[in-house]
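*Asks:* The structure file run-v8.pdb (PDB, C-alpha atoms) is provided below.
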```pdb
ATOM      1  CA  MET D  28    -170.797 -66.581 -86.392
ATOM      2  CA  ALA D  29    -169.676 -63.060 -85.542
ATOM      3  CA  SER D  30    -171.644 -63.275 -82.281
ATOM      4  CA  ALA D  31    -169.955 -66.562 -81.311
ATOM      5  CA  SER D  32    -166.584 -65.012 -82.050
ATOM      6  CA  ARG D  33    -167.423 -62.000 -79.855
ATOM      7  CA  ASP D  34    -168.419 -64.358 -77.027
ATOM      8  CA  ILE D  35    -165.134 -66.225 -77.313
ATOM      9  CA  ASP D  36    -163.235 -62.936 -77.271
ATOM     10  CA  ARG D  37    -165.166 -61.782 -74.216
ATOM     11  CA  VAL D  38    -164.549 -64.999 -72.277
ATOM     12  CA  SER D  39    -160.892 -64.916 -73.257
ATOM     13  CA  ALA D  40    -160.618 -61.324 -71.974
ATOM     14  CA  TYR D  41    -162.345 -62.358 -68.726
ATOM     15  CA  SER D  42    -159.844 -65.231 -68.309
ATOM     16  CA  GLN D  43    -156.926 -62.883 -68.764
ATOM     17  CA  SER D  44    -158.399 -60.421 -66.256
ATOM     18  CA  LEU D  45    -158.846 -63.259 -63.771
ATOM     19  CA  ASP D  46    -155.157 -64.194 -64.121
ATOM     20  CA  GLU D  47    -154.204 -60.560 -63.526
ATOM     21  CA  ALA D  48    -156.524 -60.310 -60.513
ATOM     22  CA  VAL D  49    -155.069 -63.454 -58.896
ATOM     23  CA  GLU D  50    -151.523 -62.281 -59.509
ATOM     24  CA  GLU D  51    -152.333 -58.842 -58.062
ATOM     25  CA  VAL D  52    -153.845 -60.245 -54.867
ATOM     26  CA  PHE D  53    -151.050 -62.754 -54.268
ATOM     27  CA  SER D  54    -148.232 -60.288 -54.938
ATOM     28  CA  LEU D  55    -149.670 -57.291 -53.039
ATOM     29  CA  MET D  56    -151.185 -59.094 -50.055
ATOM     30  CA  MET D  57    -148.905 -62.126 -49.677
ATOM     31  CA  GLY D  58    -145.694 -61.240 -51.493
ATOM     32  CA  LEU D  59    -146.055 -64.412 -53.586
ATOM     33  CA  HIS D  60    -145.499 -64.986 -57.268
ATOM     34  CA  CYS D  61    -148.574 -66.813 -58.537
ATOM     35  CA  ILE D  62    -148.783 -68.027 -62.138
ATOM     36  CA  PRO D  63    -151.491 -69.662 -64.252
ATOM     37  CA  VAL D  64    -150.938 -73.369 -64.970
ATOM     38  CA  SER D  65    -152.730 -75.760 -67.292
ATOM     39  CA  GLU D  66    -153.907 -78.234 -64.659
ATOM     40  CA  CYS D  67    -154.463 -78.437 -60.928
ATOM     41  CA  PRO D  68    -153.968 -81.794 -59.287
ATOM     42  CA  ILE D  69    -155.856 -81.342 -56.006
ATOM     43  CA  GLU D  70    -154.626 -84.525 -54.341
ATOM     44  CA  GLU D  71    -155.758 -83.781 -50.813
ATOM     45  CA  ARG D  72    -158.838 -85.531 -49.534
ATOM     46  CA  GLU D  73    -160.221 -82.504 -47.682
ATOM     47  CA  THR D  74    -160.817 -79.408 -49.780
ATOM     48  CA  ILE D  75    -161.942 -75.882 -49.036
ATOM     49  CA  SER D  76    -164.038 -73.718 -51.351
ATOM     50  CA  ALA D  77    -164.664 -70.009 -50.859
ATOM     51  CA  VAL D  78    -167.651 -68.644 -52.761
ATOM     52  CA  ILE D  79    -168.454 -65.017 -53.609
ATOM     53  CA  GLY D  80    -171.794 -64.239 -55.227
ATOM     54  CA  LEU D  81    -172.176 -61.571 -57.913
ATOM     55  CA  ALA D  82    -175.490 -59.805 -58.478
ATOM     56  CA  GLY D  83    -176.640 -56.988 -60.729
ATOM     57  CA  ALA D  84    -175.154 -56.505 -64.190
ATOM     58  CA  MET D  85    -173.797 -60.027 -63.847
ATOM     59  CA  SER D  86    -175.285 -62.832 -61.752
ATOM     60  CA  GLY D  87    -173.027 -65.669 -60.815
ATOM     61  CA  THR D  88    -170.323 -66.865 -58.497
ATOM     62  CA  CYS D  89    -166.579 -66.850 -58.138
ATOM     63  CA  VAL D  90    -165.223 -69.952 -56.398
ATOM     64  CA  LEU D  91    -161.694 -70.468 -55.133
ATOM     65  CA  ARG D  92    -160.983 -74.140 -54.381
ATOM     66  CA  SER D  93    -157.895 -75.730 -52.902
ATOM     67  CA  GLY D  94    -156.700 -78.572 -50.735
ATOM     68  CA  GLU D  95    -156.335 -78.127 -46.987
ATOM     69  CA  GLN D  96    -152.547 -77.723 -46.973
ATOM     70  CA  VAL D  97    -152.638 -75.169 -49.780
ATOM     71  CA  ALA D  98    -155.299 -73.213 -47.891
ATOM     72  CA  LEU D  99    -153.115 -73.249 -44.777
ATOM     73  CA  CYS D 100    -150.174 -71.960 -46.785
ATOM     74  CA  MET D 101    -152.257 -69.152 -48.340
ATOM     75  CA  ALA D 102    -153.582 -68.136 -44.912
ATOM     76  CA  GLU D 103    -150.119 -68.188 -43.336
ATOM     77  CA  ASN D 104    -148.745 -65.948 -46.056
ATOM     78  CA  LEU D 105    -151.692 -63.570 -45.819
ATOM     79  CA  ILE D 106    -151.689 -63.257 -42.036
ATOM     80  CA  GLY D 107    -147.994 -63.761 -41.379
ATOM     81  CA  ILE D 108    -148.325 -66.415 -38.677
ATOM     82  CA  GLU D 109    -148.205 -70.204 -38.677
ATOM     83  CA  MET D 110    -151.565 -71.981 -38.709
ATOM     84  CA  PRO D 111    -151.974 -75.250 -36.809
ATOM     85  CA  GLY D 112    -154.885 -76.577 -38.866
ATOM     86  CA  LEU D 113    -157.980 -75.741 -40.873
ATOM     87  CA  SER D 114    -159.314 -73.272 -38.274
ATOM     88  CA  ASP D 115    -161.950 -70.540 -38.634
ATOM     89  CA  THR D 116    -159.078 -68.098 -39.206
ATOM     90  CA  VAL D 117    -157.898 -70.101 -42.233
ATOM     91  CA  LYS D 118    -161.456 -70.219 -43.610
ATOM     92  CA  ASP D 119    -161.805 -66.466 -43.042
ATOM     93  CA  ALA D 120    -158.488 -65.861 -44.839
ATOM     94  CA  VAL D 121    -159.424 -67.988 -47.866
ATOM     95  CA  GLY D 122    -162.801 -66.229 -48.028
ATOM     96  CA  GLU D 123    -161.068 -62.850 -48.039
ATOM     97  CA  ILE D 124    -158.627 -63.957 -50.755
ATOM     98  CA  CYS D 125    -161.571 -65.017 -52.932
ATOM     99  CA  ASN D 126    -163.318 -61.717 -52.145
ATOM    100  CA  MET D 127    -160.272 -59.694 -53.217
ATOM    101  CA  VAL D 128    -159.765 -61.774 -56.380
ATOM    102  CA  THR D 129    -163.421 -61.293 -57.360
ATOM    103  CA  GLY D 130    -163.290 -57.566 -56.593
ATOM    104  CA  ALA D 131    -160.045 -57.103 -58.507
ATOM    105  CA  TRP D 132    -161.453 -59.037 -61.482
ATOM    106  CA  LYS D 133    -164.688 -57.022 -61.428
ATOM    107  CA  SER D 134    -162.824 -53.709 -61.296
ATOM    108  CA  LYS D 135    -161.172 -54.605 -64.622
ATOM    109  CA  GLN D 136    -164.565 -54.931 -66.383
ATOM    110  CA  LEU D 137    -165.863 -51.401 -66.842
ATOM    111  CA  PRO D 138    -169.573 -52.256 -67.271
ATOM    112  CA  LEU D 139    -169.469 -54.484 -64.188
ATOM    113  CA  ALA D 140    -167.318 -52.330 -61.918
ATOM    114  CA  SER D 141    -170.200 -50.221 -60.651
ATOM    115  CA  GLY D 142    -173.184 -52.266 -61.849
ATOM    116  CA  CYS D 143    -172.417 -55.469 -60.017
ATOM    117  CA  MET D 144    -172.375 -56.116 -56.275
ATOM    118  CA  LEU D 145    -170.429 -58.752 -54.376
ATOM    119  CA  SER D 146    -171.703 -60.881 -51.513
ATOM    120  CA  THR D 147    -169.757 -61.598 -48.350
ATOM    121  CA  PRO D 148    -167.788 -64.871 -48.605
ATOM    122  CA  THR D 149    -169.250 -68.314 -47.928
ATOM    123  CA  VAL D 150    -166.721 -71.038 -47.172
ATOM    124  CA  VAL D 151    -167.359 -74.768 -47.595
ATOM    125  CA  THR D 152    -165.044 -77.549 -46.406
ATOM    126  CA  GLY D 153    -165.328 -81.296 -46.746
ATOM    127  CA  THR D 154    -164.683 -84.258 -48.987
ATOM    128  CA  HIS D 155    -166.343 -85.456 -52.188
ATOM    129  CA  TYR D 156    -168.660 -82.487 -52.613
ATOM    130  CA  HIS D 157    -169.755 -80.579 -55.705
ATOM    131  CA  LEU D 158    -170.999 -76.998 -55.996
ATOM    132  CA  HIS D 159    -173.935 -76.997 -58.375
ATOM    133  CA  THR D 160    -175.157 -74.063 -60.470
ATOM    134  CA  GLN D 161    -177.921 -73.651 -63.028
ATOM    135  CA  LYS D 162    -176.841 -73.934 -66.654
ATOM    136  CA  PRO D 163    -174.370 -71.063 -66.855
ATOM    137  CA  GLU D 164    -174.065 -68.549 -69.670
ATOM    138  CA  PHE D 165    -170.347 -69.203 -69.451
ATOM    139  CA  ARG D 166    -167.881 -70.739 -67.025
ATOM    140  CA  ILE D 167    -164.192 -69.920 -66.748
ATOM    141  CA  GLU D 168    -162.001 -72.320 -64.802
ATOM    142  CA  ARG D 169    -158.370 -71.382 -64.244
ATOM    143  CA  TYR D 170    -155.609 -73.019 -62.251
ATOM    144  CA  TYR D 171    -152.703 -71.331 -60.499
ATOM    145  CA  ARG D 172    -149.491 -72.267 -58.748
ATOM    146  CA  PHE D 173    -147.367 -70.583 -56.080
ATOM    147  CA  ASP D 174    -144.473 -72.205 -54.211
ATOM    148  CA  ALA D 175    -145.219 -75.543 -55.942
ATOM    149  CA  ARG D 176    -148.799 -75.466 -54.604
ATOM    150  CA  SER D 177    -151.862 -75.398 -56.863
ATOM    151  CA  PHE D 178    -155.421 -74.155 -56.571
ATOM    152  CA  GLY D 179    -158.313 -73.357 -58.879
ATOM    153  CA  VAL D 180    -160.601 -70.399 -59.443
ATOM    154  CA  ALA D 181    -163.906 -70.773 -61.283
ATOM    155  CA  LEU D 182    -165.965 -67.848 -62.479
ATOM    156  CA  VAL D 183    -169.507 -68.904 -63.285
ATOM    157  CA  CYS D 184    -171.832 -66.455 -65.036
ATOM    158  CA  GLU D 185    -175.500 -67.423 -64.773
ATOM    159  CA  SER D 186    -176.771 -64.337 -66.590
ATOM    160  CA  MET D 187    -175.413 -61.089 -67.947
ATOM    161  CA  GLN D 188    -177.594 -57.987 -68.447
TER
ATOM    162  CA  MET Y  43    -146.265 -37.838 -35.052
ATOM    163  CA  SER Y  44    -147.818 -38.675 -31.667
ATOM    164  CA  ASP Y  45    -149.490 -42.000 -30.842
ATOM    165  CA  ILE Y  46    -152.932 -42.458 -32.295
ATOM    166  CA  SER Y  47    -155.844 -44.741 -31.520
ATOM    167  CA  ALA Y  48    -157.668 -46.434 -34.381
ATOM    168  CA  LEU Y  49    -160.934 -48.268 -34.873
ATOM    169  CA  ILE Y  50    -160.867 -50.979 -37.542
ATOM    170  CA  VAL Y  51    -164.265 -52.188 -38.790
ATOM    171  CA  ASP Y  52    -164.469 -55.337 -40.900
ATOM    172  CA  ASP Y  53    -166.495 -58.546 -40.674
ATOM    173  CA  SER Y  54    -163.296 -60.497 -41.337
ATOM    174  CA  SER Y  55    -161.050 -60.785 -38.263
ATOM    175  CA  VAL Y  56    -158.193 -61.677 -40.623
ATOM    176  CA  MET Y  57    -158.671 -58.447 -42.549
ATOM    177  CA  ARG Y  58    -158.783 -56.419 -39.315
ATOM    178  CA  LYS Y  59    -155.362 -57.842 -38.387
ATOM    179  CA  ILE Y  60    -154.005 -57.145 -41.866
ATOM    180  CA  VAL Y  61    -155.184 -53.529 -41.740
ATOM    181  CA  GLU Y  62    -153.600 -53.084 -38.311
ATOM    182  CA  ARG Y  63    -150.331 -54.556 -39.599
ATOM    183  CA  ALA Y  64    -150.440 -52.235 -42.629
ATOM    184  CA  LEU Y  65    -150.923 -49.206 -40.325
ATOM    185  CA  ARG Y  66    -147.878 -50.235 -38.284
ATOM    186  CA  GLN Y  67    -145.856 -50.928 -41.454
ATOM    187  CA  ALA Y  68    -146.860 -47.468 -42.649
ATOM    188  CA  GLY Y  69    -144.979 -46.125 -39.639
ATOM    189  CA  LEU Y  70    -147.930 -45.211 -37.443
ATOM    190  CA  SER Y  71    -147.470 -45.478 -33.718
ATOM    191  CA  LEU Y  72    -150.729 -46.949 -32.453
ATOM    192  CA  SER Y  73    -151.529 -46.439 -28.785
ATOM    193  CA  GLU Y  74    -154.755 -48.454 -29.001
ATOM    194  CA  VAL Y  75    -156.532 -50.431 -31.693
ATOM    195  CA  PHE Y  76    -160.242 -51.171 -31.329
ATOM    196  CA  GLU Y  77    -162.000 -53.687 -33.538
ATOM    197  CA  ALA Y  78    -165.605 -54.031 -34.680
ATOM    198  CA  ALA Y  79    -167.185 -56.627 -36.981
ATOM    199  CA  ASN Y  80    -169.827 -54.276 -38.423
ATOM    200  CA  GLY Y  81    -171.282 -50.786 -38.192
ATOM    201  CA  VAL Y  82    -173.437 -51.580 -35.160
ATOM    202  CA  GLU Y  83    -170.425 -52.741 -33.152
ATOM    203  CA  ALA Y  84    -168.432 -49.737 -34.379
ATOM    204  CA  LEU Y  85    -171.064 -47.317 -33.052
ATOM    205  CA  GLU Y  86    -170.977 -49.092 -29.676
ATOM    206  CA  VAL Y  87    -167.192 -48.689 -29.502
ATOM    207  CA  LEU Y  88    -167.419 -45.006 -30.451
ATOM    208  CA  ARG Y  89    -169.955 -44.297 -27.695
ATOM    209  CA  ARG Y  90    -167.406 -45.533 -25.135
ATOM    210  CA  LYS Y  91    -163.996 -44.739 -26.628
ATOM    211  CA  ARG Y  92    -162.294 -41.796 -28.268
ATOM    212  CA  VAL Y  93    -160.401 -42.651 -31.451
ATOM    213  CA  ASP Y  94    -158.284 -40.628 -33.889
ATOM    214  CA  LEU Y  95    -158.948 -42.664 -37.009
ATOM    215  CA  ILE Y  96    -161.616 -45.040 -38.348
ATOM    216  CA  LEU Y  97    -160.914 -47.565 -41.104
ATOM    217  CA  SER Y  98    -163.989 -49.415 -42.289
ATOM    218  CA  ASP Y  99    -164.967 -52.038 -44.817
ATOM    219  CA  ILE Y 100    -168.130 -51.281 -46.840
ATOM    220  CA  ASN Y 101    -169.694 -54.682 -47.431
ATOM    221  CA  MET Y 102    -170.607 -56.027 -43.967
ATOM    222  CA  PRO Y 103    -173.662 -57.746 -42.465
ATOM    223  CA  ASN Y 104    -175.948 -55.910 -39.968
ATOM    224  CA  MET Y 105    -174.703 -52.427 -40.862
ATOM    225  CA  ASP Y 106    -172.486 -51.636 -43.851
ATOM    226  CA  GLY Y 107    -169.856 -48.916 -44.173
ATOM    227  CA  PHE Y 108    -172.162 -46.388 -45.874
ATOM    228  CA  GLU Y 109    -174.798 -46.722 -43.144
ATOM    229  CA  LEU Y 110    -172.061 -46.395 -40.527
ATOM    230  CA  LEU Y 111    -171.030 -43.067 -42.088
ATOM    231  CA  HIS Y 112    -174.670 -41.972 -42.112
ATOM    232  CA  GLN Y 113    -175.153 -42.924 -38.454
ATOM    233  CA  LEU Y 114    -171.950 -41.145 -37.403
ATOM    234  CA  ARG Y 115    -173.355 -37.934 -38.849
ATOM    235  CA  GLU Y 116    -176.881 -38.565 -37.566
ATOM    236  CA  GLN Y 117    -175.724 -39.270 -34.016
ATOM    237  CA  ASN Y 118    -172.899 -36.720 -34.140
ATOM    238  CA  LEU Y 119    -170.430 -39.405 -33.065
ATOM    239  CA  ALA Y 120    -166.685 -38.873 -33.651
ATOM    240  CA  PRO Y 121    -167.461 -35.661 -35.603
ATOM    241  CA  ASN Y 122    -163.871 -34.711 -36.455
ATOM    242  CA  VAL Y 123    -162.460 -38.200 -36.833
ATOM    243  CA  PRO Y 124    -161.375 -39.118 -40.373
ATOM    244  CA  VAL Y 125    -163.006 -42.218 -41.830
ATOM    245  CA  VAL Y 126    -161.219 -44.223 -44.517
ATOM    246  CA  LEU Y 127    -163.153 -46.915 -46.353
ATOM    247  CA  ILE Y 128    -161.223 -50.062 -47.283
ATOM    248  CA  THR Y 129    -163.049 -52.265 -49.746
ATOM    249  CA  THR Y 130    -162.938 -54.505 -52.789
ATOM    250  CA  GLU Y 131    -165.541 -52.231 -54.421
ATOM    251  CA  SER Y 132    -163.500 -49.766 -56.427
ATOM    252  CA  SER Y 133    -165.629 -48.177 -59.135
ATOM    253  CA  GLU Y 134    -165.740 -44.409 -59.581
ATOM    254  CA  ASP Y 135    -169.356 -44.539 -58.391
ATOM    255  CA  HIS Y 136    -168.334 -46.193 -55.144
ATOM    256  CA  VAL Y 137    -165.569 -43.673 -54.505
ATOM    257  CA  ARG Y 138    -167.960 -40.775 -55.251
ATOM    258  CA  ASN Y 139    -170.634 -42.275 -52.982
ATOM    259  CA  ALA Y 140    -168.109 -42.814 -50.202
ATOM    260  CA  ILE Y 141    -166.871 -39.221 -50.322
ATOM    261  CA  ALA Y 142    -170.443 -37.912 -50.530
ATOM    262  CA  ALA Y 143    -171.365 -40.009 -47.484
ATOM    263  CA  GLY Y 144    -168.565 -38.388 -45.490
ATOM    264  CA  ALA Y 145    -165.509 -40.611 -45.952
ATOM    265  CA  GLN Y 146    -162.207 -38.750 -46.089
ATOM    266  CA  GLY Y 147    -160.350 -41.521 -47.883
ATOM    267  CA  TYR Y 148    -160.751 -44.695 -49.883
ATOM    268  CA  ILE Y 149    -158.419 -47.691 -50.168
ATOM    269  CA  ARG Y 150    -159.045 -50.563 -52.540
ATOM    270  CA  LYS Y 151    -158.263 -54.157 -51.544
ATOM    271  CA  PRO Y 152    -155.770 -55.603 -52.348
ATOM    272  CA  PHE Y 153    -153.509 -52.872 -50.978
ATOM    273  CA  THR Y 154    -149.923 -52.269 -49.929
ATOM    274  CA  ALA Y 155    -148.708 -50.631 -46.717
ATOM    275  CA  GLU Y 156    -147.406 -47.820 -48.931
ATOM    276  CA  GLN Y 157    -150.932 -47.136 -50.243
ATOM    277  CA  VAL Y 158    -152.277 -47.112 -46.689
ATOM    278  CA  LYS Y 159    -149.550 -44.664 -45.712
ATOM    279  CA  ASP Y 160    -150.314 -42.370 -48.679
ATOM    280  CA  ARG Y 161    -154.048 -42.265 -47.875
ATOM    281  CA  VAL Y 162    -153.896 -42.117 -44.080
ATOM    282  CA  LEU Y 163    -150.922 -39.927 -43.170
ATOM    283  CA  PRO Y 164    -152.270 -36.727 -44.757
ATOM    284  CA  LEU Y 165    -155.456 -37.135 -42.719
ATOM    285  CA  LEU Y 166    -153.505 -37.558 -39.500
ATOM    286  CA  GLY Y 167    -151.538 -34.429 -40.259
ATOM    287  CA  ALA Y 168    -154.807 -32.553 -39.874
ATOM    288  CA  ILE Y 169    -155.327 -34.211 -36.470
ATOM    289  CA  GLU Y 170    -151.901 -33.008 -35.324
ATOM    290  CA  VAL Y 171    -152.793 -29.429 -36.288
ATOM    291  CA  GLU Y 172    -156.105 -29.704 -34.399
ATOM    292  CA  ARG Y 173    -154.353 -31.052 -31.304
ATOM    293  CA  ARG Y 174    -151.860 -28.175 -31.332
ATOM    294  CA  GLU Y 175    -154.703 -25.651 -31.649
TER
END
```
Take the structure I supplied and represent it as structure tokens, if you would.

*Replies:*
Amino acid sequence: MASASRDIDRVSAYSQSLDEAVEEVFSLMMGLHCIPVSECPIEERETISAVIGLAGAMSGTCVLRSGEQVALCMAENLIGIEMPGLSDTVKDAVGEICNMVTGAWKSKQLPLASGCMLSTPTVVTGTHYHLHTQKPEFRIERYYRFDARSFGVALVCESMQ
Amino acid sequence: MSDISALIVDDSSVMRKIVERALRQAGLSLSEVFEAANGVEALEVLRRKRVDLILSDINMPNMDGFELLHQLREQNLAPNVPVVLITTESSEDHVRNAIAAGAQGYIRKPFTAEQVKDRVLPLLGAIEVERRE
């Protein structure tokens, strides 16, 4: 019972850190106010997912997923120029945003900060796809909104040392 | 401060542009900006060009930022050029390792232009003194 309660506390603390990490990245790098929301209606047909792998003290992934137009908007705010479409530059930008969010989240967890390495970003685009993982130890899924646009971030822990 | 030339090393072309913009926002007058996608490309640039400042990511394919620092020392390339690492890795261990490997500064992503200014300008002050001598 006490162990289950500790797990819930830990996951809750991780969720809060993820919110802080997202807010930090959006405010410092894009000058945007980004807040957590309870749901994320991704209505666009084409979606983009940036994936960062974690290895070491924690094995897992951090995935940022959004619709195409939201990705364009994030990239435009990050780079400061208008984007004509879902180009390699937009994919690069979304990958970097996910990388910074994961790094900022990790830096808030003392045991993980130095004991866990991050991969370079992998970016997937398409329609009707799912990213599969083995049965995770825990999964945190949070949704965020900036300028009336929504996206999701999922932190999936496969194992924790 | 006189114009400086900088080498920006990052596997993300977006991040290279952002770092360049942050340097300009920090008030630096850049005469030339060279870009490299990893340590191997950075070494190639440094064999051909003289730069005043190197800003490098750590986590890159082919050759990472730590190996780049090692190779700079090993090959005696850009011996007096300050190297600042810019990375999402921000633990005390990483900062210690970076300094031990020869980096003069460390900036954590996400960053502001003000943070870039605070870390980079003091290093360029040393360059100005060297140039005058």

*Asks:* Enumerate, as number ranges by chain, the residues matched when the PyMOL selection byres ((chain D and resi 154-164) around 8) is run on the file above.

*Replies:* D: 72-74, 152-153, 165-166, 183-187

*Asks:* Give me the residues within 7 Å of Ile100 (chain Y) as a PyMOL selection string, counting all atoms listed in the file and dropping any in the same chain fewer than 5 places off.

*Replies:* chain Y and resi 106-108+127+129

*Asks:* At a cut-off of 8 Å, list the chain D residues touching chain Y, using only C-alpha atoms, as a count of residues only.

*Replies:* 19

*Asks:* Extract, using all atoms listed in the file, all DNA, RNA and protein residues at most 8 Å from Ala68 (chain Y), discarding same-chain residues fewer than 5 positions from it, and format them as a list in words.

*Replies:*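 In the requested form, the answer reads Ala155, Glu156, Val158 and Lys159 of chain Y.
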
*Asks:* Could you list, as a PyMOL selection string, every residue matched by the PyMOL selection byres ((chain Y and resi 45) around 8) in this structure?

*Replies:* chain Y and resi 43-44+46-47+70-73

*Asks:* For the residues in that selection, give me C-alpha atoms as a CSV table (one decimal), in the coordinates of the input.

*Replies:*
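selection_32.csv written:
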```csv
chain,number,residue,atom,x,y,z
Y,43,MET,CA,-146.3,-37.8,-35.1
Y,44,SER,CA,-147.8,-38.7,-31.7
Y,46,ILE,CA,-152.9,-42.5,-32.3
Y,47,SER,CA,-155.8,-44.7,-31.5
Y,70,LEU,CA,-147.9,-45.2,-37.4
Y,71,SER,CA,-147.5,-45.5,-33.7
Y,72,LEU,CA,-150.7,-46.9,-32.5
Y,73,SER,CA,-151.5,-46.4,-28.8
```

*Asks:* By how many Å are CA of Ile124 (chain D) and CA of Asn139 (chain Y) apart?

*Replies:* 24.9 Å

*Asks:* Can you give me, as a compact mmCIF listing (two decimals) with C-alpha atoms, in the coordinates of the input, the residues this file yields under the PyMOL selection byres ((chain D and resi 59-62) around 7)?

*Replies:*
```txt
# COMPACT_ATOMS: atom_id res chain seq x y z
CA GLU D 50 -151.52 -62.28 -59.51
CA PHE D 53 -151.05 -62.75 -54.27
CA SER D 54 -148.23 -60.29 -54.94
CA MET D 57 -148.90 -62.13 -49.68
CA GLY D 58 -145.69 -61.24 -51.49
CA PRO D 63 -151.49 -69.66 -64.25
CA VAL D 64 -150.94 -73.37 -64.97
CA TYR D 171 -152.70 -71.33 -60.50
CA ARG D 172 -149.49 -72.27 -58.75
CA PHE D 173 -147.37 -70.58 -56.08
```

*Asks:* Would you work out the distance separating CA of Val137 (chain Y) from CA of Asn80 (chain Y), expressed in Å to one decimal?

*Replies:*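 These atoms are spaced 19.7 Å apart.
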
*Asks:* Excluding Ala84 (chain Y) and any residue of its chain fewer than 2 positions from it, enumerate the residues within 10 Å of it, using only C-alpha atoms, and give them as a list in words.

*Replies:*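 The residues that qualify are Leu49, Ile50, Val51, Asp52, Phe76, Glu77, Ala78, Ala79, Asn80, Gly81, Val82, Glu86, Val87, Leu88, Arg89, Ile96, Ser98, Met105, Gly107, Leu110 and Leu114 of chain Y.
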
*Asks:* Reconstruct region 50-61 of chain Y at the level of N, CA and C atoms, and format the result as a PDB file, in the coordinates of the input.

*Replies:*
```pdb
ATOM      1  N   ILE Y  50    -160.847 -50.243 -36.273  1.00  0.00           N
ATOM      2  CA  ILE Y  50    -160.867 -50.979 -37.542  1.00  0.00           C
ATOM      3  C   ILE Y  50    -162.162 -51.791 -37.608  1.00  0.00           C
ATOM      4  N   VAL Y  51    -162.947 -51.558 -38.662  1.00  0.00           N
ATOM      5  CA  VAL Y  51    -164.265 -52.188 -38.790  1.00  0.00           C
ATOM      6  C   VAL Y  51    -164.265 -53.104 -40.017  1.00  0.00           C
ATOM      7  N   ASP Y  52    -164.421 -54.374 -39.789  1.00  0.00           N
ATOM      8  CA  ASP Y  52    -164.469 -55.337 -40.900  1.00  0.00           C
ATOM      9  C   ASP Y  52    -165.069 -56.635 -40.364  1.00  0.00           C
ATOM     10  N   ASP Y  53    -165.912 -57.289 -41.154  1.00  0.00           N
ATOM     11  CA  ASP Y  53    -166.495 -58.546 -40.674  1.00  0.00           C
ATOM     12  C   ASP Y  53    -165.487 -59.688 -40.697  1.00  0.00           C
ATOM     13  N   SER Y  54    -164.350 -59.482 -41.336  1.00  0.00           N
ATOM     14  CA  SER Y  54    -163.296 -60.497 -41.337  1.00  0.00           C
ATOM     15  C   SER Y  54    -162.252 -60.150 -40.282  1.00  0.00           C
ATOM     16  N   SER Y  55    -162.069 -61.049 -39.298  1.00  0.00           N
ATOM     17  CA  SER Y  55    -161.050 -60.785 -38.263  1.00  0.00           C
ATOM     18  C   SER Y  55    -159.655 -60.806 -38.887  1.00  0.00           C
ATOM     19  N   VAL Y  56    -159.483 -61.629 -39.918  1.00  0.00           N
ATOM     20  CA  VAL Y  56    -158.193 -61.677 -40.623  1.00  0.00           C
ATOM     21  C   VAL Y  56    -157.893 -60.312 -41.241  1.00  0.00           C
ATOM     22  N   MET Y  57    -158.897 -59.735 -41.891  1.00  0.00           N
ATOM     23  CA  MET Y  57    -158.671 -58.447 -42.549  1.00  0.00           C
ATOM     24  C   MET Y  57    -158.407 -57.348 -41.525  1.00  0.00           C
ATOM     25  N   ARG Y  58    -159.052 -57.432 -40.359  1.00  0.00           N
ATOM     26  CA  ARG Y  58    -158.783 -56.419 -39.315  1.00  0.00           C
ATOM     27  C   ARG Y  58    -157.318 -56.470 -38.906  1.00  0.00           C
ATOM     28  N   LYS Y  59    -156.779 -57.687 -38.757  1.00  0.00           N
ATOM     29  CA  LYS Y  59    -155.362 -57.842 -38.387  1.00  0.00           C
ATOM     30  C   LYS Y  59    -154.447 -57.320 -39.492  1.00  0.00           C
ATOM     31  N   ILE Y  60    -154.829 -57.583 -40.734  1.00  0.00           N
ATOM     32  CA  ILE Y  60    -154.005 -57.145 -41.866  1.00  0.00           C
ATOM     33  C   ILE Y  60    -153.979 -55.612 -41.947  1.00  0.00           C
ATOM     34  N   VAL Y  61    -155.128 -55.000 -41.710  1.00  0.00           N
ATOM     35  CA  VAL Y  61    -155.184 -53.529 -41.740  1.00  0.00           C
ATOM     36  C   VAL Y  61    -154.334 -52.952 -40.607  1.00  0.00           C
TER      37      VAL Y  61
END
```
